[in-house]
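Shown below: entry20.cif, with mmCIF, C-alpha atoms.
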```cif
data_structure
loop_
_atom_site.label_atom_id
_atom_site.label_comp_id
_atom_site.auth_asym_id
_atom_site.auth_seq_id
_atom_site.Cartn_x
_atom_site.Cartn_y
_atom_site.Cartn_z
CA MET A 17 -41.38 -22.60 -3.67
CA ALA A 18 -40.91 -25.05 -6.54
CA PHE A 19 -42.55 -22.67 -9.02
CA ASN A 20 -43.31 -18.99 -9.24
CA ILE A 21 -45.51 -17.00 -11.64
CA ILE A 22 -45.30 -13.24 -11.96
CA GLU A 23 -47.29 -10.87 -14.14
CA LYS A 24 -46.13 -7.57 -15.57
CA PRO A 25 -47.52 -5.02 -18.04
CA PHE A 26 -46.04 -5.34 -21.53
CA GLY A 27 -47.71 -2.48 -23.43
CA LEU A 28 -51.06 -1.21 -24.63
CA LEU A 29 -53.12 -2.62 -27.49
CA ASN A 30 -56.01 -0.28 -28.33
CA ASP A 31 -55.97 0.97 -24.74
CA VAL A 32 -56.02 -2.59 -23.37
CA GLN A 33 -53.09 -3.63 -21.19
CA VAL A 34 -51.16 -6.60 -22.57
CA ILE A 35 -49.72 -8.85 -19.83
CA GLN A 36 -46.57 -10.96 -19.78
CA TYR A 37 -46.66 -14.02 -17.51
CA THR A 38 -43.34 -15.50 -16.37
CA ILE A 39 -43.13 -19.01 -14.90
CA THR A 40 -39.94 -20.01 -13.05
CA ASN A 41 -39.05 -23.46 -11.75
CA SER A 42 -36.70 -24.41 -8.91
CA ALA A 43 -33.84 -25.01 -11.37
CA GLY A 44 -34.06 -21.38 -12.50
CA MET A 45 -35.54 -22.06 -15.92
CA GLN A 46 -38.00 -19.36 -16.99
CA VAL A 47 -40.60 -19.05 -19.72
CA SER A 48 -42.47 -15.82 -20.43
CA ILE A 49 -45.77 -15.74 -22.32
CA LEU A 50 -47.93 -12.90 -23.62
CA ASN A 51 -51.68 -12.80 -23.83
CA TYR A 52 -51.09 -11.13 -27.23
CA GLY A 53 -50.63 -13.87 -29.81
CA ALA A 54 -50.08 -16.35 -26.96
CA ALA A 55 -46.43 -15.64 -27.73
CA VAL A 56 -43.39 -17.04 -25.93
CA THR A 57 -41.21 -13.97 -25.39
CA GLU A 58 -38.36 -15.47 -23.35
CA LEU A 59 -37.11 -18.95 -22.55
CA ILE A 60 -34.18 -18.85 -20.18
CA THR A 61 -32.17 -22.02 -19.55
CA PRO A 62 -28.69 -22.84 -18.17
CA ASP A 63 -25.67 -23.80 -20.26
CA ARG A 64 -23.15 -26.45 -19.22
CA ASN A 65 -21.48 -23.92 -16.89
CA ASN A 66 -24.84 -23.03 -15.34
CA ASN A 67 -24.88 -19.62 -17.01
CA MET A 68 -28.47 -18.65 -17.82
CA GLY A 69 -29.38 -17.51 -21.33
CA ASP A 70 -32.45 -16.69 -23.40
CA VAL A 71 -32.76 -19.23 -26.23
CA VAL A 72 -35.68 -17.73 -28.18
CA LEU A 73 -35.83 -14.72 -30.49
CA GLY A 74 -38.20 -11.89 -29.71
CA PHE A 75 -38.62 -8.39 -28.33
CA ASP A 76 -38.76 -6.81 -24.89
CA SER A 77 -41.86 -4.69 -25.58
CA LEU A 78 -45.17 -4.97 -27.37
CA THR A 79 -43.99 -2.50 -30.02
CA GLY A 80 -41.68 -5.12 -31.49
CA PHE A 81 -44.40 -7.73 -31.72
CA LEU A 82 -46.80 -5.25 -33.35
CA GLN A 83 -44.45 -4.23 -36.15
CA LYS A 84 -45.47 -5.33 -39.62
CA ASP A 85 -42.34 -7.38 -40.29
CA ASN A 86 -42.46 -9.41 -37.04
CA PRO A 87 -41.97 -12.96 -38.40
CA TYR A 88 -44.36 -14.62 -35.92
CA PHE A 89 -41.74 -14.71 -33.12
CA GLY A 90 -42.92 -17.16 -30.47
CA SER A 91 -46.59 -16.92 -31.43
CA VAL A 92 -49.35 -19.49 -31.68
CA ILE A 93 -50.44 -19.86 -35.29
CA GLY A 94 -54.01 -20.54 -36.45
CA ARG A 95 -56.66 -21.12 -37.55
CA TYR A 96 -54.47 -23.00 -40.04
CA CYS A 97 -50.69 -22.86 -39.68
CA ASN A 98 -48.42 -23.13 -42.70
CA ARG A 99 -49.89 -22.75 -46.20
CA ILE A 100 -53.15 -23.37 -48.04
CA ALA A 101 -52.71 -23.41 -51.80
CA ASN A 102 -54.25 -20.59 -53.81
CA ALA A 103 -55.92 -19.33 -50.59
CA ILE A 104 -58.98 -21.51 -51.22
CA PHE A 105 -60.52 -24.80 -50.11
CA GLU A 106 -63.80 -26.65 -50.49
CA LEU A 107 -65.74 -28.18 -47.63
CA ASP A 108 -69.24 -29.72 -47.67
CA TYR A 109 -69.77 -28.44 -51.24
CA ASN A 110 -68.96 -24.88 -50.19
CA THR A 111 -65.94 -22.91 -51.42
CA TYR A 112 -64.05 -20.78 -48.90
CA THR A 113 -61.71 -17.99 -49.99
CA LEU A 114 -58.92 -16.89 -47.66
CA ALA A 115 -56.43 -14.03 -47.62
CA ALA A 116 -53.64 -14.58 -50.16
CA ASN A 117 -50.88 -13.19 -47.95
CA ASN A 118 -47.98 -15.35 -49.21
CA ASN A 119 -47.73 -15.08 -52.97
CA GLU A 120 -51.00 -16.65 -54.15
CA ASN A 121 -51.29 -18.80 -51.04
CA SER A 122 -52.69 -18.25 -47.54
CA LEU A 123 -50.08 -18.42 -44.78
CA HIS A 124 -50.46 -18.87 -41.00
CA GLY A 125 -54.16 -18.05 -40.75
CA GLY A 126 -54.27 -15.01 -43.02
CA ASN A 127 -53.82 -11.30 -42.47
CA LYS A 128 -54.86 -11.44 -38.81
CA GLY A 129 -54.26 -14.93 -37.53
CA PHE A 130 -54.14 -16.10 -33.93
CA ASP A 131 -50.69 -14.51 -33.58
CA LYS A 132 -52.23 -11.01 -33.85
CA VAL A 133 -55.14 -11.24 -31.41
CA LEU A 134 -55.60 -10.76 -27.69
CA TRP A 135 -56.23 -13.99 -25.79
CA GLU A 136 -57.94 -14.34 -22.43
CA ALA A 137 -55.29 -15.56 -19.99
CA GLU A 138 -55.08 -16.72 -16.40
CA LYS A 139 -52.81 -18.62 -14.06
CA SER A 140 -53.61 -22.32 -13.81
CA GLY A 141 -52.07 -23.86 -10.75
CA ASP A 142 -48.53 -22.84 -9.79
CA ASN A 143 -46.77 -23.72 -13.06
CA SER A 144 -49.23 -23.20 -15.94
CA ILE A 145 -50.82 -20.39 -17.92
CA LYS A 146 -54.15 -21.08 -19.61
CA LEU A 147 -55.26 -19.02 -22.61
CA ASN A 148 -58.53 -18.93 -24.52
CA TYR A 149 -59.57 -17.39 -27.84
CA LEU A 150 -62.89 -17.47 -29.68
CA SER A 151 -62.36 -17.26 -33.43
CA LYS A 152 -65.73 -16.18 -34.78
CA ASP A 153 -67.54 -17.66 -37.76
CA GLY A 154 -66.13 -16.08 -40.94
CA GLU A 155 -62.95 -14.74 -39.32
CA GLU A 156 -60.26 -14.68 -42.03
CA GLY A 157 -62.66 -16.61 -44.26
CA TYR A 158 -62.93 -19.74 -42.08
CA PRO A 159 -66.32 -21.25 -41.17
CA GLY A 160 -67.56 -21.86 -37.64
CA ASN A 161 -67.12 -20.35 -34.21
CA LEU A 162 -63.90 -22.02 -33.06
CA ASN A 163 -63.23 -21.99 -29.31
CA VAL A 164 -59.50 -22.54 -28.71
CA GLN A 165 -57.89 -23.36 -25.37
CA LEU A 166 -54.15 -23.41 -24.86
CA THR A 167 -52.05 -24.24 -21.80
CA TYR A 168 -48.34 -23.64 -21.30
CA THR A 169 -46.81 -25.69 -18.47
CA LEU A 170 -43.25 -25.56 -17.13
CA THR A 171 -42.13 -28.73 -15.34
CA PHE A 172 -39.45 -29.72 -12.81
CA ASP A 173 -37.63 -31.45 -15.67
CA ASN A 174 -37.15 -28.25 -17.70
CA GLU A 175 -39.93 -29.15 -20.11
CA LEU A 176 -42.20 -26.60 -21.75
CA ILE A 177 -45.45 -28.45 -22.46
CA ILE A 178 -47.99 -26.92 -24.84
CA ASP A 179 -51.49 -28.40 -24.78
CA TYR A 180 -54.01 -27.30 -27.40
CA SER A 181 -57.73 -28.04 -27.68
CA ALA A 182 -60.53 -26.62 -29.82
CA THR A 183 -64.23 -27.13 -30.54
CA THR A 184 -66.42 -25.76 -33.31
CA ASP A 185 -70.09 -25.29 -34.21
CA LYS A 186 -69.46 -25.79 -37.96
CA VAL A 187 -67.19 -28.06 -39.94
CA THR A 188 -63.83 -26.28 -40.29
CA PRO A 189 -60.13 -26.98 -40.85
CA VAL A 190 -57.85 -26.59 -37.81
CA ASN A 191 -54.06 -26.80 -37.65
CA LEU A 192 -52.29 -25.11 -34.73
CA THR A 193 -48.63 -24.73 -33.82
CA ASN A 194 -46.16 -22.58 -31.92
CA HIS A 195 -43.70 -20.55 -33.98
CA SER A 196 -40.81 -20.06 -31.55
CA TYR A 197 -37.39 -19.32 -33.04
CA PHE A 198 -34.58 -21.04 -31.14
CA ASN A 199 -30.86 -20.32 -30.87
CA LEU A 200 -29.46 -22.58 -28.16
CA SER A 201 -26.28 -20.50 -27.87
CA ALA A 202 -28.53 -17.78 -26.37
CA GLY A 203 -27.22 -15.38 -29.00
CA ASN A 204 -23.52 -16.01 -28.38
CA GLU A 205 -23.40 -17.35 -31.93
CA PRO A 206 -25.06 -15.15 -34.58
CA ASN A 207 -26.54 -18.17 -36.39
CA ILE A 208 -27.48 -21.79 -35.80
CA LEU A 209 -25.47 -23.35 -38.64
CA ASN A 210 -23.26 -25.28 -36.19
CA HIS A 211 -26.18 -26.68 -34.19
CA LYS A 212 -26.48 -30.46 -34.53
CA LEU A 213 -29.92 -31.77 -35.47
CA ILE A 214 -31.73 -35.11 -35.53
CA ILE A 215 -35.25 -35.47 -36.97
CA ASN A 216 -36.86 -38.88 -36.61
CA ALA A 217 -38.47 -38.85 -40.03
CA ASP A 218 -37.74 -41.12 -42.97
CA LYS A 219 -39.80 -38.97 -45.35
CA TYR A 220 -40.54 -35.32 -46.02
CA LEU A 221 -43.17 -33.57 -48.11
CA GLU A 222 -41.98 -32.66 -51.59
CA ALA A 223 -43.05 -29.07 -52.31
CA ASN A 224 -43.26 -26.72 -55.28
CA ASP A 225 -41.50 -23.36 -55.56
CA THR A 226 -44.14 -21.66 -53.37
CA LEU A 227 -43.69 -24.33 -50.65
CA ILE A 228 -47.00 -26.07 -51.33
CA PRO A 229 -46.72 -29.87 -51.03
CA THR A 230 -47.13 -31.77 -54.29
CA GLY A 231 -48.68 -34.69 -52.40
CA LYS A 232 -45.58 -36.84 -52.72
CA LEU A 233 -43.87 -38.20 -49.60
CA THR A 234 -40.18 -38.40 -50.47
CA ASP A 235 -37.49 -40.52 -48.80
CA VAL A 236 -34.89 -38.41 -47.00
CA LYS A 237 -32.15 -41.04 -47.24
CA GLY A 238 -29.12 -39.83 -49.15
CA SER A 239 -30.52 -36.33 -49.62
CA VAL A 240 -29.92 -32.93 -48.04
CA MET A 241 -33.12 -33.59 -46.06
CA ASP A 242 -31.63 -36.55 -44.19
CA PHE A 243 -31.42 -35.79 -40.46
CA THR A 244 -32.05 -39.37 -39.32
CA THR A 245 -28.54 -39.30 -37.84
CA GLU A 246 -27.06 -36.23 -36.19
CA LYS A 247 -25.99 -33.62 -38.72
CA ILE A 248 -24.84 -30.00 -38.48
CA ILE A 249 -27.68 -27.81 -39.78
CA GLY A 250 -25.32 -25.85 -42.02
CA LYS A 251 -23.72 -28.91 -43.65
CA ASP A 252 -26.02 -29.06 -46.69
CA ILE A 253 -27.96 -25.82 -46.31
CA LEU A 254 -26.44 -24.14 -49.37
CA GLU A 255 -27.74 -27.01 -51.51
CA VAL A 256 -31.33 -26.49 -50.36
CA GLU A 257 -33.46 -24.62 -52.87
CA GLY A 258 -34.62 -21.31 -51.44
CA GLY A 259 -31.53 -20.71 -49.34
CA GLY A 260 -32.44 -22.86 -46.38
CA TYR A 261 -34.84 -25.36 -44.88
CA ASP A 262 -38.57 -24.65 -44.82
CA HIS A 263 -39.87 -28.20 -45.13
CA ASN A 264 -42.37 -30.46 -43.42
CA PHE A 265 -41.05 -33.80 -42.21
CA VAL A 266 -43.29 -36.86 -41.83
CA LEU A 267 -42.64 -38.09 -38.31
CA ASP A 268 -42.13 -41.73 -37.44
CA ASN A 269 -43.85 -41.35 -34.05
CA LYS A 270 -47.36 -42.43 -35.20
CA GLY A 271 -48.79 -39.94 -32.72
CA ASP A 272 -46.96 -41.39 -29.71
CA ILE A 273 -45.85 -38.54 -27.44
CA THR A 274 -43.18 -40.75 -25.85
CA ASP A 275 -41.27 -41.06 -29.14
CA MET A 276 -38.78 -38.24 -29.65
CA ALA A 277 -39.54 -36.31 -32.83
CA ALA A 278 -36.32 -34.29 -32.95
CA SER A 279 -33.32 -33.17 -30.94
CA VAL A 280 -30.93 -30.24 -31.34
CA TYR A 281 -27.55 -29.73 -29.66
CA ASP A 282 -25.36 -26.62 -29.50
CA PRO A 283 -21.74 -27.73 -28.94
CA GLY A 284 -20.63 -24.30 -27.75
CA SER A 285 -23.04 -23.93 -24.83
CA GLY A 286 -23.77 -27.60 -24.22
CA ARG A 287 -27.51 -26.93 -24.37
CA TYR A 288 -29.80 -29.41 -26.08
CA MET A 289 -33.50 -29.43 -26.84
CA GLU A 290 -35.70 -32.46 -27.47
CA VAL A 291 -39.10 -32.29 -29.15
CA PHE A 292 -42.00 -34.66 -28.50
CA THR A 293 -45.40 -34.31 -30.15
CA THR A 294 -48.66 -36.03 -31.00
CA GLU A 295 -48.61 -34.35 -34.43
CA PRO A 296 -47.75 -36.20 -37.68
CA GLY A 297 -45.51 -33.46 -39.07
CA LEU A 298 -42.63 -31.22 -38.03
CA GLN A 299 -41.77 -28.09 -40.00
CA LEU A 300 -38.06 -27.26 -39.98
CA TYR A 301 -37.46 -23.60 -40.75
CA THR A 302 -33.98 -22.09 -40.55
CA GLY A 303 -34.75 -18.36 -40.49
CA ASN A 304 -34.13 -17.96 -44.21
CA PHE A 305 -36.01 -14.65 -44.42
CA LEU A 306 -34.25 -12.99 -41.50
CA ASP A 307 -32.03 -10.39 -43.15
CA GLY A 308 -30.54 -8.17 -40.47
CA THR A 309 -33.35 -5.60 -40.50
CA LEU A 310 -34.71 -6.74 -37.12
CA THR A 311 -32.90 -6.10 -33.83
CA ASP A 312 -33.26 -8.15 -30.67
CA THR A 313 -34.37 -5.41 -28.30
CA LYS A 314 -33.73 -7.80 -25.40
CA ASN A 315 -29.96 -7.67 -25.92
CA GLY A 316 -29.33 -5.41 -28.92
CA LYS A 317 -28.17 -8.10 -31.34
CA ILE A 318 -29.09 -8.13 -35.03
CA TYR A 319 -31.18 -11.02 -36.34
CA VAL A 320 -29.23 -12.16 -39.41
CA LYS A 321 -30.12 -14.91 -41.85
CA HIS A 322 -30.20 -18.31 -40.08
CA ALA A 323 -30.11 -16.60 -36.65
CA ALA A 324 -32.48 -19.27 -35.37
CA PHE A 325 -34.37 -22.42 -36.26
CA CYS A 326 -38.01 -23.39 -35.78
CA LEU A 327 -39.35 -26.89 -35.18
CA GLU A 328 -43.10 -26.45 -35.57
CA ALA A 329 -45.19 -29.51 -34.66
CA GLN A 330 -48.26 -29.59 -36.89
CA HIS A 331 -50.39 -31.39 -39.44
CA PHE A 332 -49.35 -31.11 -43.07
CA PRO A 333 -49.62 -27.91 -45.12
CA ASN A 334 -52.57 -27.66 -47.55
CA SER A 335 -54.28 -30.75 -46.12
CA PRO A 336 -57.81 -29.42 -46.89
CA ASN A 337 -56.84 -29.69 -50.58
CA GLN A 338 -54.97 -33.00 -50.23
CA PRO A 339 -57.37 -35.84 -49.34
CA SER A 340 -54.49 -38.31 -48.89
CA PHE A 341 -52.94 -36.25 -46.06
CA PRO A 342 -53.88 -36.77 -42.39
CA ASN A 343 -57.24 -35.19 -41.62
CA THR A 344 -57.37 -31.58 -40.39
CA ILE A 345 -61.18 -31.18 -40.52
CA LEU A 346 -62.92 -30.65 -37.17
CA ASN A 347 -66.64 -31.42 -36.87
CA PRO A 348 -69.16 -30.15 -34.31
CA GLY A 349 -69.18 -32.48 -31.30
CA GLU A 350 -65.49 -33.35 -31.76
CA THR A 351 -62.51 -31.89 -29.90
CA TYR A 352 -59.20 -31.03 -31.56
CA LYS A 353 -56.31 -31.97 -29.28
CA GLN A 354 -52.56 -31.64 -29.60
CA ARG A 355 -49.64 -31.85 -27.19
CA THR A 356 -46.07 -30.75 -27.92
CA ILE A 357 -43.14 -30.80 -25.48
CA TYR A 358 -39.85 -28.92 -25.73
CA LYS A 359 -37.41 -30.40 -23.21
CA PHE A 360 -34.12 -28.70 -22.35
CA GLY A 361 -30.89 -29.96 -20.84
CA VAL A 362 -27.08 -29.80 -21.06
CA LYS A 363 -24.28 -32.21 -21.87
#
```

Just dump the structure as structure tokens.
Amino acid sequence: MAFNIIEKPFGLLNDVQVIQYTITNSAGMQVSILNYGAAVTELITPDRNNNMGDVVLGFDSLTGFLQKDNPYFGSVIGRYCNRIANAIFELDYNTYTLAANNNENSLHGGNKGFDKVLWEAEKSGDNSIKLNYLSKDGEEGYPGNLNVQLTYTLTFDNELIIDYSATTDKVTPVNLTNHSYFNLSAGNEPNILNHKLIINADKYLEANDTLIPTGKLTDVKGSVMDFTTEKIIGKDILEVEGGGYDHNFVLDNKGDITDMAASVYDPGSGRYMEVFTTEPGLQLYTGNFLDGTLTDTKNGKIYVKHAAFCLEAQHFPNSPNQPSFPNTILNPGETYKQRTIYKFGVK
């Protein structure tokens, strides 16, 4: 068989069995997905010597994902990923107040975002898992019943494709992403500072000290934010305010999925990952808040600062309060759509 999907119990959530779905292709690549948080729990790919390794951070049981300090490992984030300033926005002359769970701002959908709910899940064909979640009107302060559909697909070409769609019965902001943490050495290196990164973005969003964009799109050229040519992630990281990257880059792809948004290469293993997306922004996060208090229960290694990087395809943070940013407002009768591809290989 070219593909195989297996299901296994992963733990109980309020007496409901959580299921992990694992898709394997003929090359041996595997991706495992939970119906809790729609989280990617494992992503196993070969290195240049054809040794298989898990390149995402996570846990081997539901207990790890349920702990309070789980930093969104592998999860889908919504209703609005990233930050909304002062946990408030106005829409159609109404003011909506959200949970201020990140200083004074709202982060990643609030106290119980899409990463902390049980999704309906089912196999879709021989190489896809389809998930659905209904976010009810008023959930975490957001208006409208939002019906979200999500499909993970593993291809012959070692691509993990994530397709998102959503509809609503009231005007509401929507901004979805996947929050996987990658270390292409599969944990053989404790951090990703020697990974080589390219981001095809000439500008990034200037942000204040709470990581809220000021509204200014700043040229990356000549700055520590310049990844337009391949650069080791750790080269300038000590010069970045806040102890590492947590910045949104303005992609040059103009929504064209065929244009590569970013690529990352680990010289030690030979693994590389390419990112393609229809989204206008890409959040680079370098695991700045990992501090050694979390242990990878999959292999017993400690997650230290900069143990992994995230490349989160998304619209811009705080767009509901920034009229000049690309639109994140979904109206009844419209369909939100997004596609992001993570493609893996060796060299």

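The closest residue to A:Asn110, picked from A:Leu298, A:Ala278, A:Leu150, A:Val187 and counting only C-alpha atoms, is A:Val187.
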
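A straight line drawn from atom CA of A:Phe292 to atom CA of A:Ala217 is 12.8 Å long.
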
**Message:** Once the PyMOL selection byres ((chain A and resi 189) around 12) is applied to the coordinates I shared, what remains selected? I want it as a PyMOL selection string.
**Reply:** chain A and resi 94-97+100+104-108+112+125+157-162+182-184+186-188+190-192+331-337+342-348+352

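Between A:Asn204 and the residues A:Ala43, A:Leu306, A:Met289, A:Val71, the shortest atom-to-atom distance, using all atoms listed in the file, involves A:Val71.
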
Which residues of stretch 202-222 of chain A sit at most 6 Å from stretch 252-276 of chain A, using all atoms listed in the file? Give each one's shortest atom pair and distance in Å (one decimal place), in chain and ascending residue order, as a Markdown table.
```
| residue | atom | partner | partner_atom | distance |
| --- | --- | --- | --- | --- |
| A:Ala217 | CA | A:Leu267 | CA | 4.6 |
| A:Lys219 | CA | A:Val266 | CA | 5.4 |
| A:Tyr220 | CA | A:Phe265 | CA | 4.1 |
| A:Leu221 | CA | A:Asn264 | CA | 5.7 |
```

**Message:** Can you spell out as a PyMOL selection string the set of residues that the PyMOL selection byres ((chain A and resi 140-142) around 10) selects in the structure I just provided?
**Reply:** chain A and resi 17-21+39-41+137-139+143-147+167-170

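The interatomic distance for the pair atom CA of A:Ser279 and atom CA of A:Ile60 works out to 17.9 Å.
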
**Prompt:** On this structure, which residues satisfy the PyMOL selection byres ((chain A and resi 214) around 6), written as an MDAnalysis selection string?
**Reply:** chainID A and resid 213 215 243:246 278:279

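Using all atoms listed in the file for every distance, the candidate list A:Phe89, A:Tyr180, A:Phe26, A:Phe360 yields A:Phe360 as the residue closest to A:Leu200.
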